[in-house]
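Participant: This is the content of entry24.cif (mmCIF, C-alpha atoms):
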data_data
#
loop_
_atom_site.label_atom_id
_atom_site.label_comp_id
_atom_site.auth_asym_id
_atom_site.auth_seq_id
_atom_site.Cartn_x
_atom_site.Cartn_y
_atom_site.Cartn_z
CA MET A 2 19.74 6.34 -2.74
CA ILE A 3 17.38 6.29 0.24
CA LYS A 4 18.08 9.92 1.10
CA GLU A 5 17.60 11.07 -2.49
CA LEU A 6 14.27 9.26 -2.75
CA GLU A 7 13.15 10.64 0.61
CA ASN A 8 13.90 14.17 -0.61
CA ILE A 9 11.90 13.57 -3.78
CA LEU A 10 8.84 12.31 -1.91
CA LYS A 11 9.02 15.07 0.71
CA HIS A 12 9.13 17.68 -2.04
CA VAL A 13 6.02 16.12 -3.59
CA GLY A 14 4.32 15.96 -0.18
CA LYS A 15 5.00 19.63 0.44
CA ASN A 16 3.48 20.48 -2.93
CA ILE A 17 0.40 18.40 -2.13
CA LEU A 18 -0.13 20.16 1.22
CA GLN A 19 0.46 23.70 -0.01
CA ASN A 20 -1.40 23.83 -3.34
CA ASP A 21 -5.03 23.87 -4.36
CA PHE A 22 -6.38 21.02 -6.43
CA THR A 23 -8.99 20.42 -9.10
CA GLU A 24 -10.96 17.16 -9.26
CA THR A 25 -12.04 14.92 -12.12
CA TYR A 26 -14.50 12.09 -11.47
CA LYS A 27 -14.95 8.97 -13.60
CA ASP A 28 -16.67 5.68 -12.76
CA LYS A 29 -16.77 6.50 -9.03
CA ASP A 30 -13.06 7.21 -9.05
CA ILE A 31 -11.22 10.50 -8.67
CA VAL A 32 -8.01 12.07 -9.92
CA THR A 33 -6.66 15.55 -9.23
CA ASN A 34 -4.16 17.79 -10.96
CA LEU A 35 -1.83 17.14 -8.02
CA ASP A 36 -1.85 13.38 -8.73
CA LEU A 37 -0.60 14.09 -12.24
CA GLU A 38 1.94 16.68 -11.13
CA ALA A 39 3.28 14.40 -8.40
CA GLU A 40 3.62 11.43 -10.75
CA ARG A 41 5.47 13.44 -13.39
CA TRP A 42 7.80 15.03 -10.84
CA ILE A 43 8.70 11.70 -9.22
CA ILE A 44 9.49 10.14 -12.61
CA GLN A 45 11.49 13.18 -13.70
CA GLU A 46 13.63 13.14 -10.55
CA ILE A 47 14.19 9.37 -10.46
CA LYS A 48 15.34 9.52 -14.09
CA LYS A 49 18.14 11.82 -12.93
CA LEU A 50 19.31 9.06 -10.58
CA ARG A 51 18.64 6.08 -12.85
CA PRO A 52 18.11 7.26 -16.43
CA HIS A 53 17.63 3.81 -17.99
CA ASP A 54 14.92 2.46 -15.69
CA LEU A 55 11.30 1.91 -16.74
CA PHE A 56 8.17 3.19 -14.98
CA ILE A 57 4.70 1.92 -14.18
CA SER A 58 2.42 4.49 -12.56
CA GLU A 59 -1.24 4.84 -11.74
CA GLU A 60 -2.14 7.83 -13.86
CA GLU A 61 -0.17 7.78 -17.12
CA ASN A 62 2.06 4.68 -17.37
CA GLN A 63 -0.06 1.57 -16.88
CA GLU A 64 2.27 -0.89 -18.60
CA ASP A 65 2.98 -4.54 -17.80
CA LEU A 66 5.86 -5.39 -15.49
CA THR A 67 8.89 -6.89 -17.26
CA HIS A 68 12.27 -8.17 -16.03
CA GLU A 69 13.81 -4.74 -16.63
CA PRO A 70 14.47 -2.43 -13.65
CA THR A 71 11.10 -0.72 -13.15
CA TRP A 72 9.72 1.82 -10.70
CA ILE A 73 6.08 1.38 -9.69
CA ILE A 74 4.50 4.62 -8.49
CA ASP A 75 1.25 5.64 -6.83
CA PRO A 76 1.58 9.44 -6.59
CA ILE A 77 -1.31 9.98 -4.16
CA ASP A 78 -2.64 6.72 -2.78
CA GLY A 79 -6.01 7.51 -1.22
CA THR A 80 -6.86 10.50 -3.41
CA LEU A 81 -10.48 10.60 -2.24
CA ASN A 82 -9.33 10.75 1.38
CA PHE A 83 -6.95 13.56 0.46
CA THR A 84 -9.66 15.62 -1.24
CA ARG A 85 -11.94 15.24 1.81
CA SER A 86 -9.15 16.20 4.27
CA ILE A 87 -9.03 12.68 5.67
CA PRO A 88 -5.39 12.11 6.64
CA GLN A 89 -5.15 8.47 5.48
CA TYR A 90 -3.26 8.90 2.22
CA GLY A 91 0.34 8.60 1.09
CA ILE A 92 2.87 8.54 -1.72
CA GLN A 93 4.34 5.15 -2.56
CA ILE A 94 7.09 3.93 -4.87
CA ALA A 95 8.89 0.64 -5.42
CA LEU A 96 11.81 -0.55 -7.52
CA TYR A 97 11.50 -3.99 -9.10
CA GLU A 98 14.25 -5.89 -10.90
CA ASN A 99 13.58 -9.24 -12.59
CA LYS A 100 10.02 -8.87 -11.28
CA GLU A 101 11.28 -8.89 -7.69
CA ALA A 102 10.97 -5.98 -5.25
CA LYS A 103 14.32 -4.50 -4.30
CA LEU A 104 13.40 -1.19 -2.65
CA SER A 105 10.19 0.52 -1.60
CA MET A 106 9.21 3.71 0.14
CA MET A 107 6.06 5.40 1.44
CA TYR A 108 5.75 8.99 2.59
CA PHE A 109 2.82 10.37 4.56
CA PRO A 110 2.60 14.19 4.18
CA GLU A 111 0.13 14.73 7.02
CA SER A 112 2.40 13.14 9.64
CA ASP A 113 5.74 13.74 7.89
CA GLN A 114 6.62 10.06 8.30
CA ILE A 115 8.78 8.04 5.94
CA LEU A 116 8.58 4.26 5.77
CA TYR A 117 10.94 2.23 3.59
CA ALA A 118 12.38 -1.21 3.03
CA LYS A 119 15.39 -2.56 1.17
CA LYS A 120 15.57 -6.22 0.19
CA GLY A 121 17.53 -8.10 2.83
CA HIS A 122 17.99 -5.06 5.10
CA GLY A 123 14.69 -4.64 6.98
CA THR A 124 11.92 -2.06 7.19
CA PHE A 125 12.48 1.37 8.70
CA LEU A 126 10.18 4.07 10.06
CA ASN A 127 11.91 7.45 10.07
CA HIS A 128 15.25 5.59 9.78
CA GLU A 129 14.66 3.35 12.79
CA ARG A 130 14.26 -0.36 12.14
CA ILE A 131 10.91 -1.81 13.18
CA ASN A 132 10.08 -5.19 14.68
CA ILE A 133 6.53 -6.29 15.45
CA SER A 134 5.22 -8.97 17.82
CA PRO A 135 1.86 -10.74 17.41
CA MET A 136 -1.22 -9.74 19.37
CA PRO A 137 -4.24 -11.88 20.35
CA LEU A 138 -7.13 -11.66 17.89
CA SER A 139 -9.37 -10.40 20.67
CA LYS A 140 -7.20 -7.26 20.80
CA SER A 141 -6.52 -7.00 17.08
CA ILE A 142 -7.64 -4.45 14.49
CA ILE A 143 -8.15 -6.10 11.11
CA THR A 144 -8.40 -3.83 8.08
CA PHE A 145 -9.80 -4.50 4.64
CA GLY A 146 -9.14 -2.75 1.36
CA ASP A 147 -11.92 -0.91 -0.42
CA PHE A 148 -14.40 -3.18 -2.18
CA SER A 149 -12.38 -3.99 -5.28
CA LYS A 150 -13.03 -2.42 -8.67
CA SER A 151 -10.37 -4.52 -10.38
CA GLN A 152 -11.89 -7.72 -8.92
CA PRO A 153 -15.62 -7.03 -8.43
CA SER A 154 -16.31 -10.74 -7.86
CA SER A 155 -14.41 -10.42 -4.57
CA ARG A 156 -17.02 -8.13 -3.02
CA PRO A 157 -19.43 -10.80 -1.64
CA ILE A 158 -16.42 -12.82 -0.48
CA GLN A 159 -15.07 -9.80 1.37
CA LEU A 160 -18.41 -9.18 3.03
CA LYS A 161 -18.57 -12.81 4.18
CA MET A 162 -15.01 -12.64 5.52
CA MET A 163 -15.92 -9.54 7.52
CA SER A 164 -18.93 -11.36 8.92
CA ASP A 165 -16.87 -14.46 9.75
CA LEU A 166 -14.28 -12.42 11.64
CA MET A 167 -16.21 -9.67 13.36
CA ASP A 168 -16.97 -11.62 16.55
CA HIS A 169 -13.38 -12.82 16.95
CA VAL A 170 -11.39 -9.58 16.62
CA MET A 171 -11.39 -6.23 18.37
CA LYS A 172 -12.42 -4.15 15.32
CA ILE A 173 -12.75 -4.37 11.54
CA ARG A 174 -12.02 -1.19 9.58
CA ILE A 175 -11.60 0.17 6.05
CA TYR A 176 -9.28 3.19 5.76
CA GLY A 177 -9.41 3.60 1.99
CA ALA A 178 -5.69 3.77 1.21
CA SER A 179 -3.38 0.79 0.77
CA SER A 180 -0.38 2.86 1.90
CA SER A 181 -2.05 3.45 5.26
CA ASP A 182 -3.22 -0.17 5.48
CA PHE A 183 0.19 -1.69 4.76
CA SER A 184 2.06 0.78 6.95
CA TYR A 185 -0.28 0.31 9.91
CA VAL A 186 0.36 -3.45 9.84
CA ALA A 187 4.11 -2.95 9.40
CA ILE A 188 4.41 -0.68 12.44
CA GLY A 189 1.86 -2.51 14.60
CA LYS A 190 -1.08 -0.08 14.63
CA SER A 191 -3.26 -2.80 13.11
CA GLN A 192 -2.57 -6.50 13.15
CA ALA A 193 -3.63 -7.69 9.68
CA HIS A 194 -4.87 -6.37 6.36
CA ILE A 195 -6.93 -8.19 3.73
CA ILE A 196 -6.93 -6.85 0.19
CA PHE A 197 -8.30 -7.90 -3.22
CA THR A 198 -6.79 -5.98 -6.12
CA LYS A 199 -5.13 -6.42 -9.50
CA ARG A 200 -3.64 -2.92 -9.44
CA ILE A 201 0.11 -3.37 -9.04
CA TRP A 202 0.69 0.16 -7.73
CA GLU A 203 -1.53 -0.64 -4.74
CA LEU A 204 0.63 -3.65 -3.80
CA ALA A 205 4.18 -3.11 -5.01
CA ALA A 206 5.61 -0.94 -2.23
CA GLY A 207 3.66 -2.53 0.60
CA LEU A 208 4.55 -6.15 -0.07
CA LEU A 209 8.28 -5.55 0.41
CA ILE A 210 7.69 -3.39 3.49
CA ILE A 211 5.63 -6.20 5.04
CA ASP A 212 8.19 -8.88 4.16
CA GLU A 213 11.19 -6.94 5.44
CA ALA A 214 9.34 -6.15 8.69
CA GLY A 215 9.39 -9.88 9.42
CA LEU A 216 5.71 -10.25 8.59
CA LYS A 217 3.98 -12.32 5.92
CA ALA A 218 1.91 -11.75 2.79
CA HIS A 219 -0.28 -14.85 2.51
CA HIS A 220 -1.86 -15.32 -0.92
CA ILE A 221 -5.53 -16.34 -0.80
CA GLU A 222 -7.35 -17.81 -3.81
CA PHE A 223 -11.02 -18.28 -4.60
CA ASP A 224 -12.76 -19.52 -7.75
CA THR A 225 -13.19 -16.04 -9.21
CA CYS A 226 -10.66 -13.82 -7.42
CA ASP A 227 -7.56 -13.74 -5.30
CA GLY A 228 -5.91 -11.47 -2.77
CA TYR A 229 -3.61 -11.22 0.24
CA ILE A 230 -3.79 -11.41 4.01
CA LEU A 231 -0.92 -9.41 5.50
CA GLY A 232 0.31 -9.68 9.07
CA HIS A 233 2.27 -11.73 11.55
CA PRO A 234 2.25 -15.44 10.55
CA ASP A 235 0.54 -16.42 13.82
CA THR A 236 -2.19 -13.81 13.28
CA ILE A 237 -2.77 -14.98 9.71
CA ASP A 238 -3.05 -18.62 10.80
CA ASN A 239 -5.67 -17.67 13.41
CA LEU A 240 -7.64 -15.61 10.90
CA LEU A 241 -7.64 -18.42 8.36
CA GLU A 242 -9.17 -20.79 10.91
CA TYR A 243 -12.23 -18.58 11.30
CA ILE A 244 -12.49 -17.81 7.60
CA LYS A 245 -12.44 -21.53 6.72
CA ARG A 246 -15.09 -22.31 9.34
CA GLY A 247 -17.43 -19.91 7.58
#
Written as structure tokens, that's how I'd like the structure from this file.

Facilitator:
Amino acid sequence: MIKELENILKHVGKNILQNDFTETYKDKDIVTNLDLEAERWIIQEIKKLRPHDLFISEEENQEDLTHEPTWIIDPIDGTLNFTRSIPQYGIQIALYENKEAKLSMMYFPESDQILYAKKGHGTFLNHERINISPMPLSKSIITFGDFSKSQPSSRPIQLKMMSDLMDHVMKIRIYGASSSDFSYVAIGKSQAHIIFTKRIWELAAGLLIIDEAGLKAHHIEFDTCDGYILGHPDTIDNLLEYIKRG
């Protein structure tokens, strides 16, 4: 099924690159006609492969995850970046069964790169398996997700974490798309990512990709919010030392 899914996402990516878009803004968020078209096309084509599966998607199918086989879809992750011609955006999908990730895939139209993972089989970039080694914090890029809308109480915590870490790492950055953030950690462009979100479509594909790459998703909890630190276990342990000191 990997090849069929890749063809679906590449078709959507081609449509995104070649067609004009219209924007709608609401509460400092943005959606385009291409988000909606991409979501509907992906669902339509997956139904041809697996007609009985359920769907959760960012734009039109925000249901709760059950034990039934369910696809979780973010048709254009990083829509604002896309509309401003910033290349950090992607398409991401994941299949969950019994609330466990079984398969996930991300496609990046600007670079024509496909990243996918299958439970128990590893993570692959353009069909080549990836394996990442840790890097010293002094040479590490640590990324953060956007300041969370689904968990606004995390914003001062995120700011403090940035302050705690900035003197111990090479750089701290925000790219504005979870697909880019997760993929960069998985393939070693950045060394860790810290995210606070309750939006399942921002996490579903990336968590399996991280796990199957031999990396770790460490759950972090605070009194009013929770999130994840993603990266090599050694890198996460080092980051937690500085965060706790603060």

Participant: From the options A:Ala214, A:Leu104, A:Ile47, A:Cys226, which residue's atoms come nearest to Lys199 in chain A, counting all atoms listed in the file?

Facilitator: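 Ranking A:Ala214, A:Leu104, A:Ile47, A:Cys226 by distance to Lys199 in chain A, first place goes to A:Cys226.
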
Participant: Starting from the PyMOL selection byres ((chain A and resi 112-124) around 9), expand the selection into actual residues of this file and give them as a PyMOL selection string.

Facilitator: chain A and resi 3+7+10-11+14+88+102-111+125-132+184+187+206+209-215

Participant: So how many Å separate CA of Lys172 in chain A and CA of Val186 in chain A, to one decimal?

Facilitator: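 Between CA of Lys172 in chain A and CA of Val186 in chain A the gap is 13.9 Å.
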
Participant: Find the residue from A:Ile17, A:Leu241, A:Ile158, A:Ala178 that sits nearest to Gly146 in chain A; use all atoms listed in the file when measuring.

Facilitator: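 Closest to Gly146 in chain A of all the choices is A:Ala178.
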
Participant: Would you work out the distance separating CA of Ile44 in chain A from CA of Ala95 in chain A, expressed in Å to one decimal?

Facilitator: 11.9 Å

Participant: For a quick check of understanding, using all atoms listed in the file, which of A:Leu166, A:Ile73, A:Ile188, A:Ala193 has the smallest distance to Glu242 in chain A?

Facilitator: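 Of the candidates, the smallest distance to Glu242 in chain A is held by A:Leu166.
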
Participant: Hey, could you make a per-residue contact list for range 54-96 of chain A against range 28-42 of chain A with 7 Å as the cut-off, showing the nearest pair of atoms and its distance in Å to one decimal, counting all atoms listed in the file, sorted by chain and number, as a Markdown table?

Facilitator:
| residue | atom | partner | partner_atom | distance |
| --- | --- | --- | --- | --- |
| A:Glu60 | CA | A:Leu37 | CA | 6.6 |
| A:Pro76 | CA | A:Glu40 | CA | 5.0 |
| A:Ile77 | CA | A:Asp36 | CA | 5.7 |
| A:Thr80 | CA | A:Val32 | CA | 6.8 |
| A:Leu81 | CA | A:Ile31 | CA | 6.5 |

Participant: Quick one: write out the picked residues with C-alpha atoms as a PDB file, in the coordinates of the input?

Facilitator:
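Listing of selection20.pdb after writing:
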ATOM      1  CA  GLU A  60      -2.140   7.830 -13.860  1.00  0.00           C
ATOM      2  CA  PRO A  76       1.580   9.440  -6.590  1.00  0.00           C
ATOM      3  CA  ILE A  77      -1.310   9.980  -4.160  1.00  0.00           C
ATOM      4  CA  THR A  80      -6.860  10.500  -3.410  1.00  0.00           C
ATOM      5  CA  LEU A  81     -10.480  10.600  -2.240  1.00  0.00           C
TER       6      LEU A  81
END

Participant: Using only C-alpha atoms, find the one residue out of A:Asp165, A:Glu24, A:Glu61, A:Asp227 that sits nearest to Ile74 in chain A.

Facilitator: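 Using only C-alpha atoms, the shortest distance to Ile74 in chain A belongs to A:Glu61.
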
Participant: Within 9 Å of Leu50 in chain A, counting only C-alpha atoms, which residues show up once you throw out same-chain ones fewer than 2 positions away? Write them as a list in words, please.

Facilitator: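 Final neighbour list, sorted by chain and number: Met2, Glu5, Glu46, Ile47, Lys48 and Pro52 of chain A.
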
Participant: Which distance in Å separates CA of Thr225 in chain A and CA of Ser154 in chain A, to one decimal?

Facilitator: 6.3 Å

Participant: Evaluating the PyMOL selection byres ((chain A and resi 228-237) around 7) on the displayed file yields which residues, as a VMD selection string?

Facilitator: chain A and resid 135 186 192 to 198 216 to 222 227 238 to 241

Participant: Using all atoms listed in the file, which of A:Arg156, A:Lys27, A:Lys15, A:His53 sits nearest Trp72 in chain A?

Facilitator: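 Using all atoms listed in the file, Trp72 in chain A sits closest to A:His53.
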
Participant: Would you mind telling me which residue in A:Ile94, A:Ile175, A:Leu55, A:Ile87 lies nearest to Leu204 in chain A when using all atoms listed in the file?

Facilitator: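 Smallest separation from Leu204 in chain A among the options: A:Ile94.
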
Participant: Can you report as AutoDock Vina command-line options the centre and edge lengths in Å, to one decimal, of an axis-aligned box around the listed atoms of range 203-216 of chain A padded with 5 Å on each side?

Facilitator:
--center_x 4.8 --center_y -5.4 --center_z 2.2 --size_x 22.7 --size_y 19.6 --size_z 24.4

Participant: Contacts of Lys100 in chain A at 7 Å or less, counting all atoms listed in the file, minus same-chain residues fewer than 2 places along, as a list in words?

Facilitator: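 Surrounding residues, per the criterion: Leu66, Thr67, His68, Tyr97, Glu98 and Ala102 of chain A.
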
Participant: For the structure just given, write the atoms of range 37-127 of chain A, namely C-alpha atoms, as a compact mmCIF listing (two decimals), in the first residue's frame.

Facilitator:
# COMPACT_ATOMS: atom_id res chain seq x y z
CA LEU A 37 -10.24 21.38 1.37
CA GLU A 38 -9.63 19.92 -2.08
CA ALA A 39 -6.59 17.99 -0.88
CA GLU A 40 -8.41 16.57 2.13
CA ARG A 41 -11.39 15.41 0.08
CA TRP A 42 -9.19 13.86 -2.61
CA ILE A 43 -7.05 11.95 -0.11
CA ILE A 44 -10.15 10.54 1.62
CA GLN A 45 -11.77 9.65 -1.69
CA GLU A 46 -8.71 7.76 -2.91
CA ILE A 47 -8.00 5.94 0.38
CA LYS A 48 -11.62 4.78 0.44
CA LYS A 49 -10.93 2.98 -2.84
CA LEU A 50 -8.17 1.02 -1.08
CA ARG A 51 -9.89 0.56 2.29
CA PRO A 52 -13.61 1.31 1.96
CA HIS A 53 -14.56 0.53 5.58
CA ASP A 54 -12.01 2.70 7.37
CA LEU A 55 -12.88 5.87 9.30
CA PHE A 56 -11.29 9.32 8.89
CA ILE A 57 -10.21 12.18 11.12
CA SER A 58 -9.00 15.26 9.27
CA GLU A 59 -8.17 18.85 10.06
CA GLU A 60 -10.75 20.63 7.96
CA GLU A 61 -13.99 18.64 7.86
CA ASN A 62 -13.77 15.48 10.01
CA GLN A 63 -12.72 16.42 13.53
CA GLU A 64 -14.05 13.33 15.29
CA ASP A 65 -12.66 11.45 18.29
CA LEU A 66 -10.30 8.54 17.70
CA THR A 67 -11.86 5.12 18.35
CA HIS A 68 -10.50 1.56 18.17
CA GLU A 69 -11.70 1.25 14.57
CA PRO A 70 -9.17 1.53 11.72
CA THR A 71 -8.89 5.30 11.21
CA TRP A 72 -6.88 7.56 8.92
CA ILE A 73 -5.72 10.87 10.41
CA ILE A 74 -5.06 13.50 7.76
CA ASP A 75 -3.52 16.97 7.66
CA PRO A 76 -3.93 17.96 3.99
CA ILE A 77 -1.57 20.96 4.08
CA ASP A 78 0.36 21.15 7.32
CA GLY A 79 1.84 24.64 7.49
CA THR A 80 -0.80 26.38 5.38
CA LEU A 81 0.40 29.85 6.34
CA ASN A 82 3.92 28.97 5.20
CA PHE A 83 2.50 27.65 1.94
CA THR A 84 0.53 30.84 1.24
CA ARG A 85 3.65 32.96 1.88
CA SER A 86 5.86 30.77 -0.38
CA ILE A 87 7.82 29.51 2.61
CA PRO A 88 8.80 25.93 1.73
CA GLN A 89 8.26 24.42 5.21
CA TYR A 90 4.93 22.66 4.69
CA GLY A 91 3.80 19.14 3.93
CA ILE A 92 0.99 16.63 3.58
CA GLN A 93 0.70 14.07 6.35
CA ILE A 94 -1.43 10.98 6.91
CA ALA A 95 -1.45 8.14 9.43
CA LEU A 96 -3.38 4.91 9.88
CA TYR A 97 -4.36 3.97 13.43
CA GLU A 98 -5.87 0.67 14.54
CA ASN A 99 -6.96 0.09 18.15
CA LYS A 100 -5.66 3.61 18.80
CA GLU A 101 -2.14 2.56 17.80
CA ALA A 102 -0.22 3.94 14.81
CA LYS A 103 0.40 1.33 12.14
CA LEU A 104 1.49 3.39 9.13
CA SER A 105 2.31 7.02 8.47
CA MET A 106 3.51 9.10 5.56
CA MET A 107 4.56 12.68 4.87
CA TYR A 108 5.11 14.25 1.46
CA PHE A 109 6.87 17.55 0.86
CA PRO A 110 5.87 19.03 -2.53
CA GLU A 111 8.62 21.65 -2.65
CA SER A 112 11.43 19.08 -2.38
CA ASP A 113 9.53 16.08 -3.80
CA GLN A 114 10.54 14.02 -0.76
CA ILE A 115 8.50 11.20 0.75
CA LEU A 116 8.98 10.09 4.35
CA TYR A 117 7.12 7.11 5.77
CA ALA A 118 7.11 4.55 8.55
CA LYS A 119 5.44 1.20 9.08
CA LYS A 120 5.09 -0.26 12.57
CA GLY A 121 7.97 -2.63 13.20
CA HIS A 122 9.68 -1.95 9.86
CA GLY A 123 11.53 1.37 10.29
CA THR A 124 11.37 4.86 8.81
CA PHE A 125 12.27 5.56 5.20
CA LEU A 126 13.19 8.69 3.26
CA ASN A 127 12.61 8.22 -0.46
